[in-house]
Amino acid sequence: QVQLVEAGGGLVQAGGSLRLSCGASGRTFSGYTMGWFRQAPGKDREFVARISGNGGSTYYADSVKGRFTISRDNAKNTVYLQMNSLKPEDTAVYYCNRHPTTFGSWGQGTQVTVSS
């Protein structure tokens with residue numbers, strides 16, 4: 001069973017940047033489209049961005065387009081999310097998973113808090 005591990009979150013001021021990473025054990029995800037998702041307090045988990053298996057195609061939610069960049073290093077079995085120009089409304093726990101059909105479990109996520 002795959003185990004996803006997200007890292008890189010933290011507390012940052014509005015306008016700042018963070019780079020998240022997602023690794024996996026138990027399975028290589030080089031052949032899968034992978035996505036980043038986030039869940040803010042009291043809200044449902046929402047889609048943020050996705051990247052194709054070879055990294056050649058990406059897609060973003062309108063709310064992050066132009067500010068976030070998803071990338072991957074299949075040799076390292078790792079997916080990244082570079083987040084720039086962060087806003088308080090980006091505050092959430094961020095998760096990665098296969099897209100659109102997730103793996104059977106989610107990681108613990110990484111908390112991103114953006115102060116105004």
# chains A, B, ... in the order shown; residues from 1 in each chain; ligands from 1
$ select_by_dssp --residues "range 4-53 of chain A" --states "strand (DSSP E or B)" --output "PyMOL selection string"
chain A and resi 4-7+10-13+18-25+34-39+46-51
$ residues_around --residues "Glu89 in chain A" --least-positions-apart "5" --cutoff "12 Å" --atoms "only C-alpha atoms" --output "ChimeraX atom specification"
/A:13-15,38-41,43,63-64,112-116
$ atom_distance --atom1 "CA of Cys96 in chain A" --atom2 "CA of Ser17 in chain A"
18.3 Å
$ residues_around --residues "range 49-51 of chain A" --least-positions-apart "2" --cutoff "10 Å" --atoms "only C-alpha atoms" --output "number ranges by chain"
A: 32-38, 46-47, 53-62, 64-65, 68-72, 79-81, 96-100
$ write_last_selection --atoms "C-alpha atoms" --output "PDB file, in the first residue's frame"
ATOM      1  CA  TYR A  32       0.456   8.444 -12.858  1.00  0.00           C
ATOM      2  CA  THR A  33      -1.002  11.884 -13.046  1.00  0.00           C
ATOM      3  CA  MET A  34      -0.468  13.356  -9.606  1.00  0.00           C
ATOM      4  CA  GLY A  35      -2.283  16.190  -7.947  1.00  0.00           C
ATOM      5  CA  TRP A  36      -2.112  18.567  -5.053  1.00  0.00           C
ATOM      6  CA  PHE A  37      -5.191  19.206  -2.970  1.00  0.00           C
ATOM      7  CA  ARG A  38      -5.927  21.331   0.065  1.00  0.00           C
ATOM      8  CA  GLU A  46     -10.362  20.918  -3.000  1.00  0.00           C
ATOM      9  CA  PHE A  47      -8.218  20.408  -6.061  1.00  0.00           C
ATOM     10  CA  GLY A  53       3.002  11.245 -15.563  1.00  0.00           C
ATOM     11  CA  ASN A  54       5.872  12.592 -17.649  1.00  0.00           C
ATOM     12  CA  GLY A  55       5.477  16.140 -16.395  1.00  0.00           C
ATOM     13  CA  GLY A  56       4.565  17.482 -19.795  1.00  0.00           C
ATOM     14  CA  SER A  57       1.085  18.689 -18.914  1.00  0.00           C
ATOM     15  CA  THR A  58      -0.134  20.677 -15.950  1.00  0.00           C
ATOM     16  CA  TYR A  59      -3.444  22.159 -14.875  1.00  0.00           C
ATOM     17  CA  TYR A  60      -4.337  24.550 -12.077  1.00  0.00           C
ATOM     18  CA  ALA A  61      -7.359  25.685 -10.184  1.00  0.00           C
ATOM     19  CA  ASP A  62      -8.257  29.245 -11.076  1.00  0.00           C
ATOM     20  CA  VAL A  64      -3.851  29.496  -7.804  1.00  0.00           C
ATOM     21  CA  LYS A  65      -3.155  29.943 -11.502  1.00  0.00           C
ATOM     22  CA  PHE A  68       1.617  28.092  -7.990  1.00  0.00           C
ATOM     23  CA  THR A  69       3.734  25.715 -10.068  1.00  0.00           C
ATOM     24  CA  ILE A  70       3.531  21.945  -9.901  1.00  0.00           C
ATOM     25  CA  SER A  71       6.497  19.831 -10.958  1.00  0.00           C
ATOM     26  CA  ARG A  72       7.842  16.339 -10.470  1.00  0.00           C
ATOM     27  CA  VAL A  79       6.104  15.807  -6.694  1.00  0.00           C
ATOM     28  CA  TYR A  80       6.554  19.477  -5.805  1.00  0.00           C
ATOM     29  CA  LEU A  81       4.345  22.517  -5.442  1.00  0.00           C
ATOM     30  CA  CYS A  96      -0.889  15.069  -2.706  1.00  0.00           C
ATOM     31  CA  ASN A  97      -2.444  12.053  -4.342  1.00  0.00           C
ATOM     32  CA  ARG A  98      -3.063  10.425  -7.667  1.00  0.00           C
ATOM     33  CA  HIS A  99      -5.493  12.253  -9.891  1.00  0.00           C
ATOM     34  CA  PRO A 100      -8.311  11.783 -10.667  1.00  0.00           C
TER      35      PRO A 100
END
$ closest_residue --among "A:Cys22, A:Arg67, A:Val2, A:Leu11" --to "Tyr94 in chain A" --atoms "only C-alpha atoms"
A:Cys22
$ closest_residue --among "A:Gly16, A:Gly66, A:Gly23, A:Gly31" --to "Trp106 in chain A" --atoms "only C-alpha atoms"
A:Gly23
$ closest_residue --among "A:Phe103, A:Lys87, A:Arg45, A:Gln111" --to "Gln1 in chain A" --atoms "only C-alpha atoms"
A:Phe103
$ atom_distance --atom1 "CA of Gln108 in chain A" --atom2 "CA of Ala7 in chain A"
9.4 Å
$ select_by_dssp --residues "range 9-112 of chain A" --states "helix (DSSP H, G or I)" --output "number ranges by chain"
A: 74-76, 88-90
$ closest_residue --among "A:Asp90, A:Val5, A:Thr110, A:Thr101" --to "Val48 in chain A" --atoms "only C-alpha atoms"
A:Asp90
$ atom_distance --atom1 "CA of Asp73 in chain A" --atom2 "CA of Ser105 in chain A"
21.6 Å
